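As provided, query-v1.tsv (TSV, C-alpha atoms) reads as follows.
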```
chain	number	residue	atom	x	y	z
M	19	MET	CA	-189.09	-170.45	-91.01
M	20	VAL	CA	-190.40	-170.09	-94.58
M	21	GLN	CA	-188.19	-173.03	-95.61
M	22	TYR	CA	-189.53	-175.08	-92.68
M	23	GLN	CA	-193.12	-174.26	-93.66
M	24	ARG	CA	-192.36	-175.31	-97.24
M	25	ASN	CA	-190.98	-178.63	-96.04
M	26	VAL	CA	-194.08	-179.22	-93.92
M	27	ASP	CA	-196.25	-178.34	-96.95
M	28	ARG	CA	-194.37	-180.89	-99.03
M	29	ALA	CA	-194.46	-183.54	-96.33
M	30	PHE	CA	-198.22	-183.35	-95.78
M	31	ALA	CA	-198.89	-183.11	-99.52
M	32	ALA	CA	-196.73	-186.21	-100.09
M	33	LEU	CA	-198.69	-188.04	-97.38
M	34	GLY	CA	-201.99	-187.24	-99.10
M	35	ASP	CA	-201.67	-190.23	-101.45
M	36	PRO	CA	-202.47	-193.86	-100.53
M	37	THR	CA	-199.66	-195.36	-102.65
M	38	ARG	CA	-197.06	-193.11	-101.03
M	39	ARG	CA	-198.38	-193.95	-97.56
M	40	ALA	CA	-198.19	-197.67	-98.42
M	41	VAL	CA	-194.60	-197.17	-99.64
M	42	LEU	CA	-193.71	-195.54	-96.32
M	43	GLU	CA	-195.30	-198.45	-94.42
M	44	ARG	CA	-193.33	-200.91	-96.57
M	45	LEU	CA	-190.10	-198.97	-95.83
M	46	GLY	CA	-191.02	-199.17	-92.15
M	47	SER	CA	-190.22	-202.88	-92.29
M	48	GLY	CA	-186.80	-202.22	-93.89
M	49	ARG	CA	-184.99	-200.57	-96.77
M	50	ALA	CA	-186.04	-201.46	-100.32
M	51	THR	CA	-185.05	-200.68	-103.90
M	52	ILE	CA	-187.41	-198.85	-106.23
M	53	SER	CA	-188.17	-202.08	-108.12
M	54	GLU	CA	-188.89	-203.93	-104.86
M	55	LEU	CA	-191.31	-201.11	-104.00
M	56	ALA	CA	-192.93	-201.11	-107.45
M	57	GLU	CA	-193.55	-204.87	-107.67
M	58	PRO	CA	-196.31	-205.42	-105.05
M	59	PHE	CA	-198.25	-202.45	-106.49
M	60	GLY	CA	-197.98	-203.84	-110.04
M	61	MET	CA	-196.54	-200.42	-110.85
M	62	SER	CA	-193.90	-199.47	-113.40
M	63	ILE	CA	-190.44	-198.51	-112.13
M	64	THR	CA	-191.01	-195.07	-113.68
M	65	GLY	CA	-194.29	-194.62	-111.80
M	66	MET	CA	-192.73	-195.66	-108.51
M	67	ARG	CA	-189.69	-193.45	-109.13
M	68	LYS	CA	-192.04	-190.43	-109.28
M	69	HIS	CA	-193.64	-191.33	-105.95
M	70	VAL	CA	-190.23	-191.85	-104.36
M	71	ARG	CA	-189.00	-188.52	-105.74
M	72	LEU	CA	-191.91	-186.70	-104.07
M	73	LEU	CA	-191.17	-188.48	-100.78
M	74	GLU	CA	-187.51	-187.52	-101.16
M	75	GLU	CA	-188.33	-183.86	-101.87
M	76	ALA	CA	-190.52	-183.93	-98.77
M	77	GLU	CA	-187.49	-185.23	-96.82
M	78	LEU	CA	-189.41	-188.30	-95.64
M	79	VAL	CA	-187.24	-190.77	-97.57
M	80	THR	CA	-183.58	-190.80	-98.64
M	81	THR	CA	-182.22	-192.80	-101.54
M	82	GLU	CA	-178.74	-193.97	-102.45
M	83	LYS	CA	-177.26	-195.84	-105.39
M	84	VAL	CA	-176.35	-199.43	-104.46
M	85	GLY	CA	-174.86	-201.09	-107.53
M	86	ARG	CA	-177.44	-200.60	-110.29
M	87	ALA	CA	-180.35	-200.19	-107.88
M	88	ARG	CA	-181.58	-197.21	-105.89
M	89	MET	CA	-182.09	-198.07	-102.23
M	90	CYS	CA	-184.81	-196.18	-100.30
M	91	THR	CA	-184.84	-195.61	-96.53
M	92	LEU	CA	-187.18	-193.74	-94.16
M	93	VAL	CA	-185.63	-190.58	-92.68
M	94	PRO	CA	-185.48	-190.90	-88.88
M	95	TYR	CA	-187.17	-187.97	-87.06
M	96	ALA	CA	-188.93	-186.88	-90.28
M	97	PHE	CA	-192.34	-187.85	-88.92
M	98	GLU	CA	-191.84	-186.73	-85.35
M	99	GLY	CA	-192.40	-182.99	-85.86
M	100	LEU	CA	-195.54	-183.58	-87.93
M	101	SER	CA	-196.91	-186.01	-85.38
M	102	THR	CA	-196.20	-183.69	-82.43
M	103	TRP	CA	-197.97	-180.83	-84.17
M	104	LEU	CA	-201.05	-183.01	-84.83
M	105	GLN	CA	-201.09	-184.25	-81.23
M	106	ARG	CA	-201.06	-180.66	-79.97
M	107	LEU	CA	-204.01	-179.81	-82.23
M	108	ASP	CA	-205.84	-182.86	-80.95
M	109	ARG	CA	-205.38	-181.76	-77.34
M	110	PHE	CA	-206.62	-178.27	-78.26
M	111	ALA	CA	-209.64	-179.77	-80.04
M	112	HIS	CA	-210.65	-181.55	-76.83
M	113	VAL	CA	-210.24	-178.40	-74.73
M	114	VAL	CA	-212.34	-176.39	-77.21
M	115	GLU	CA	-214.97	-179.17	-77.22
M	116	ARG	CA	-215.19	-179.14	-73.42
M	117	THR	CA	-215.50	-175.35	-73.17
M	118	LYS	CA	-217.98	-175.02	-76.08
M	119	GLY	CA	-221.00	-174.76	-73.85
M	120	ALA	CA	-219.27	-172.28	-71.49
M	121	PRO	CA	-220.29	-168.61	-71.70
U	25	MET	CA	-211.47	-199.03	-95.91
U	26	VAL	CA	-211.46	-197.22	-99.25
U	27	GLN	CA	-213.57	-194.47	-97.65
U	28	TYR	CA	-211.15	-194.27	-94.70
U	29	GLN	CA	-208.19	-194.01	-97.10
U	30	ARG	CA	-209.97	-191.23	-98.99
U	31	ASN	CA	-210.55	-189.33	-95.76
U	32	VAL	CA	-206.86	-189.70	-94.83
U	33	ASP	CA	-205.90	-188.49	-98.35
U	34	ARG	CA	-208.11	-185.44	-97.90
U	35	ALA	CA	-206.85	-184.76	-94.37
U	36	PHE	CA	-203.16	-184.82	-95.31
U	37	ALA	CA	-203.79	-182.85	-98.53
U	38	ALA	CA	-205.69	-180.22	-96.50
U	39	LEU	CA	-202.75	-180.01	-94.07
U	40	GLY	CA	-200.31	-179.36	-96.93
U	41	ASP	CA	-201.08	-175.63	-96.94
U	42	PRO	CA	-199.64	-173.08	-94.48
U	43	THR	CA	-202.81	-170.96	-94.31
U	44	ARG	CA	-204.96	-173.98	-93.48
U	45	ARG	CA	-202.48	-175.09	-90.80
U	46	ALA	CA	-202.56	-171.57	-89.33
U	47	VAL	CA	-206.37	-171.68	-89.35
U	48	LEU	CA	-206.29	-174.96	-87.42
U	49	GLU	CA	-203.86	-173.46	-84.89
U	50	ARG	CA	-206.17	-170.44	-84.49
U	51	LEU	CA	-209.15	-172.79	-83.96
U	52	GLY	CA	-207.05	-174.58	-81.35
U	53	SER	CA	-207.45	-171.52	-79.14
U	54	GLY	CA	-211.25	-171.54	-79.58
U	55	ARG	CA	-214.08	-171.48	-82.08
U	56	ALA	CA	-214.17	-168.66	-84.64
U	57	THR	CA	-216.36	-167.41	-87.46
U	58	ILE	CA	-215.11	-167.37	-91.04
U	59	SER	CA	-214.69	-163.58	-90.93
U	60	GLU	CA	-212.74	-163.80	-87.66
U	61	LEU	CA	-210.49	-166.34	-89.36
U	62	ALA	CA	-210.10	-164.25	-92.54
U	63	GLU	CA	-209.22	-160.97	-90.81
U	64	PRO	CA	-205.68	-161.70	-89.43
U	65	PHE	CA	-204.65	-163.14	-92.82
U	66	GLY	CA	-205.93	-160.03	-94.65
U	67	MET	CA	-207.92	-162.54	-96.70
U	68	SER	CA	-211.34	-162.16	-98.31
U	69	ILE	CA	-214.26	-164.03	-96.73
U	70	THR	CA	-214.61	-165.94	-100.02
U	71	GLY	CA	-210.96	-167.02	-99.92
U	72	MET	CA	-211.22	-168.16	-96.32
U	73	ARG	CA	-214.51	-169.94	-97.02
U	74	LYS	CA	-212.68	-172.11	-99.60
U	75	HIS	CA	-209.99	-173.07	-97.10
U	76	VAL	CA	-212.60	-173.88	-94.47
U	77	ARG	CA	-214.57	-175.97	-96.96
U	78	LEU	CA	-211.48	-178.09	-97.67
U	79	LEU	CA	-210.89	-178.54	-93.93
U	80	GLU	CA	-214.55	-179.50	-93.53
U	81	GLU	CA	-214.41	-182.04	-96.38
U	82	ALA	CA	-211.30	-183.48	-94.72
U	83	GLU	CA	-213.37	-183.80	-91.51
U	84	LEU	CA	-210.86	-181.75	-89.52
U	85	VAL	CA	-213.27	-178.86	-88.89
U	86	THR	CA	-217.04	-178.62	-88.49
U	87	THR	CA	-219.07	-175.50	-89.13
U	88	GLU	CA	-222.51	-174.40	-88.01
U	89	LYS	CA	-224.68	-171.38	-88.71
U	90	VAL	CA	-224.86	-169.04	-85.70
U	91	GLY	CA	-227.08	-166.11	-86.61
U	92	ARG	CA	-225.65	-164.70	-89.85
U	93	ALA	CA	-222.16	-166.09	-89.23
U	94	ARG	CA	-220.67	-169.55	-89.78
U	95	MET	CA	-218.87	-170.79	-86.68
U	96	CYS	CA	-215.88	-173.14	-87.17
U	97	THR	CA	-214.67	-175.72	-84.62
U	98	LEU	CA	-211.90	-178.33	-84.63
U	99	VAL	CA	-213.18	-181.91	-84.75
U	100	PRO	CA	-212.03	-183.80	-81.64
U	101	TYR	CA	-210.15	-187.04	-82.44
U	102	ALA	CA	-209.68	-185.95	-86.08
U	103	PHE	CA	-205.93	-185.56	-85.64
U	104	GLU	CA	-205.33	-188.54	-83.37
U	105	GLY	CA	-205.35	-191.28	-86.04
U	106	LEU	CA	-203.04	-189.29	-88.33
U	107	SER	CA	-200.65	-188.57	-85.48
U	108	THR	CA	-200.59	-192.20	-84.29
U	109	TRP	CA	-199.80	-193.41	-87.81
U	110	LEU	CA	-196.91	-190.91	-88.11
U	111	GLN	CA	-195.54	-191.89	-84.69
U	112	ARG	CA	-195.52	-195.55	-85.72
U	113	LEU	CA	-193.60	-194.68	-88.90
U	114	ASP	CA	-191.14	-192.69	-86.83
U	115	ARG	CA	-190.50	-195.67	-84.55
U	116	PHE	CA	-190.00	-197.91	-87.60
U	117	ALA	CA	-187.60	-195.36	-89.13
U	118	HIS	CA	-185.41	-195.57	-86.02
U	119	VAL	CA	-185.43	-199.38	-86.05
U	120	VAL	CA	-184.50	-199.45	-89.75
U	121	GLU	CA	-181.75	-196.88	-89.09
U	122	ARG	CA	-180.29	-199.01	-86.28
U	123	THR	CA	-180.31	-202.23	-88.33
U	124	LYS	CA	-178.97	-200.62	-91.53
U	125	GLY	CA	-175.44	-201.80	-90.98
U	126	ALA	CA	-176.55	-205.33	-90.04
U	127	PRO	CA	-175.97	-208.12	-92.58
```
What's the structure tokens form of this structure?
Amino acid sequence: MVQYQRNVDRAFAALGDPTRRAVLERLGSGRATISELAEPFGMSITGMRKHVRLLEEAELVTTEKVGRARMCTLVPYAFEGLSTWLQRLDRFAHVVERTKGAP
Amino acid sequence: MVQYQRNVDRAFAALGDPTRRAVLERLGSGRATISELAEPFGMSITGMRKHVRLLEEAELVTTEKVGRARMCTLVPYAFEGLSTWLQRLDRFAHVVERTKGAP
């Protein structure tokens, strides 16, 4: 449970950065190497490697060596739990909103 | 757009903490004052006020003065955009997974 909470902490913290979210969107259209990810952002490989490492530690992305490159892929199901939790909160928020005026 | 991105940054960063997530879950069952929120965590009012301020800056929670207390409420629709974005990524992750072996 503590481990799960820590993973959720890491996942949300990793998502709190626009470059990392853009990287995830890019990986949504297919796997990419770190240099392919770095290029459109005009970012150094080292800079992108740091972002990818955070996404990997958050278990949102996996990487594997392919020749001399490191290939990055989205982790299936990684986003499902987070999204379900947010949806539940959203439903609750509407119920609370509707009952706000009630005694 | 930049402002929207900043709000999303703040929202995800605010969610990256187990106490703040627990506060949101508690608010899912109804509005609560800062001291009502602090009590079950054995937390000082000052400590809880900081967490609530971050949730407020992330536009996930609103607060209003009610007598001498500050009442906290979940913001309806605040979680919907985040959840939709995560769901889309999850769908993409499955597509990428299925086509991984393809030439």
Which residues come within 8 Å of Arg34 (chain U), counting all atoms listed in the file, excluding same-chain residues fewer than 6 positions away, as a list in words?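 Once the nearby chain positions are removed, what remains is Gly34 of chain M; Glu81 and Ala82 of chain U.
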Which polymer residues have any atom within 6 Å of an atom of Ser107 (chain U), counting only C-alpha atoms, with same-chain residues fewer than 3 positions away left out, as a list in words? Ser101 and Leu104 of chain M; Glu104 and Leu110 of chain U
Output the contact residues of chain U with respect to chain M at a cut-off of 10 Å, based on all atoms listed in the file, as a short mmCIF file (atom, residue, chain, number, x, y, z; two decimals) with C-alpha atoms, in the frame of the given file.
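Result saved to selection_5.cif:
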```cif
data_model
loop_
_atom_site.label_atom_id
_atom_site.label_comp_id
_atom_site.auth_asym_id
_atom_site.auth_seq_id
_atom_site.Cartn_x
_atom_site.Cartn_y
_atom_site.Cartn_z
CA VAL U 26 -211.46 -197.22 -99.25
CA GLN U 29 -208.19 -194.01 -97.10
CA ARG U 30 -209.97 -191.23 -98.99
CA ASN U 31 -210.55 -189.33 -95.76
CA VAL U 32 -206.86 -189.70 -94.83
CA ASP U 33 -205.90 -188.49 -98.35
CA ARG U 34 -208.11 -185.44 -97.90
CA ALA U 35 -206.85 -184.76 -94.37
CA PHE U 36 -203.16 -184.82 -95.31
CA ALA U 37 -203.79 -182.85 -98.53
CA ALA U 38 -205.69 -180.22 -96.50
CA LEU U 39 -202.75 -180.01 -94.07
CA GLY U 40 -200.31 -179.36 -96.93
CA ASP U 41 -201.08 -175.63 -96.94
CA PRO U 42 -199.64 -173.08 -94.48
CA ARG U 45 -202.48 -175.09 -90.80
CA LEU U 48 -206.29 -174.96 -87.42
CA GLU U 49 -203.86 -173.46 -84.89
CA ARG U 50 -206.17 -170.44 -84.49
CA LEU U 51 -209.15 -172.79 -83.96
CA GLY U 52 -207.05 -174.58 -81.35
CA SER U 53 -207.45 -171.52 -79.14
CA GLY U 54 -211.25 -171.54 -79.58
CA ARG U 55 -214.08 -171.48 -82.08
CA LEU U 84 -210.86 -181.75 -89.52
CA VAL U 85 -213.27 -178.86 -88.89
CA THR U 97 -214.67 -175.72 -84.62
CA LEU U 98 -211.90 -178.33 -84.63
CA VAL U 99 -213.18 -181.91 -84.75
CA PRO U 100 -212.03 -183.80 -81.64
CA TYR U 101 -210.15 -187.04 -82.44
CA ALA U 102 -209.68 -185.95 -86.08
CA PHE U 103 -205.93 -185.56 -85.64
CA GLU U 104 -205.33 -188.54 -83.37
CA GLY U 105 -205.35 -191.28 -86.04
CA LEU U 106 -203.04 -189.29 -88.33
CA SER U 107 -200.65 -188.57 -85.48
CA THR U 108 -200.59 -192.20 -84.29
CA TRP U 109 -199.80 -193.41 -87.81
CA LEU U 110 -196.91 -190.91 -88.11
CA GLN U 111 -195.54 -191.89 -84.69
CA ARG U 112 -195.52 -195.55 -85.72
CA LEU U 113 -193.60 -194.68 -88.90
CA ASP U 114 -191.14 -192.69 -86.83
CA ARG U 115 -190.50 -195.67 -84.55
CA PHE U 116 -190.00 -197.91 -87.60
CA ALA U 117 -187.60 -195.36 -89.13
CA HIS U 118 -185.41 -195.57 -86.02
CA VAL U 119 -185.43 -199.38 -86.05
CA VAL U 120 -184.50 -199.45 -89.75
CA GLU U 121 -181.75 -196.88 -89.09
CA ARG U 122 -180.29 -199.01 -86.28
CA THR U 123 -180.31 -202.23 -88.33
CA LYS U 124 -178.97 -200.62 -91.53
#
```
Edge lengths and centre in Å to one decimal, as AutoDock Vina command-line options, of the axis-aligned box that encloses all listed atoms of region 57-60 of chain M with 4 Å added on every side?
```
--center_x -195.9 --center_y -203.9 --center_z -107.5 --size_x 12.7 --size_y 11.0 --size_z 13.0
```
Quick one, how far is CA of Gln21 (chain M) from CA of Cys96 (chain U)? 28.9 Å
10 Å contact set for region 50-55 of chain M, all atoms listed in the file, chain neighbours under 5 positions out, as a ChimeraX atom specification: /M:40-42,44-45,60-67,69-70,81-84,86-92
Quick one: distance from CA of Phe59 (chain M) to CA of Arg71 (chain M) in Å, one decimal?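 Separation between CA of Phe59 (chain M) and CA of Arg71 (chain M): 16.7 Å.
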Go ahead and compute the interatomic distance for CA of Leu78 (chain U) and CA of Arg44 (chain U), in Å to one decimal.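 About the pair CA of Leu78 (chain U) and CA of Arg44 (chain U): they are 8.8 Å apart.
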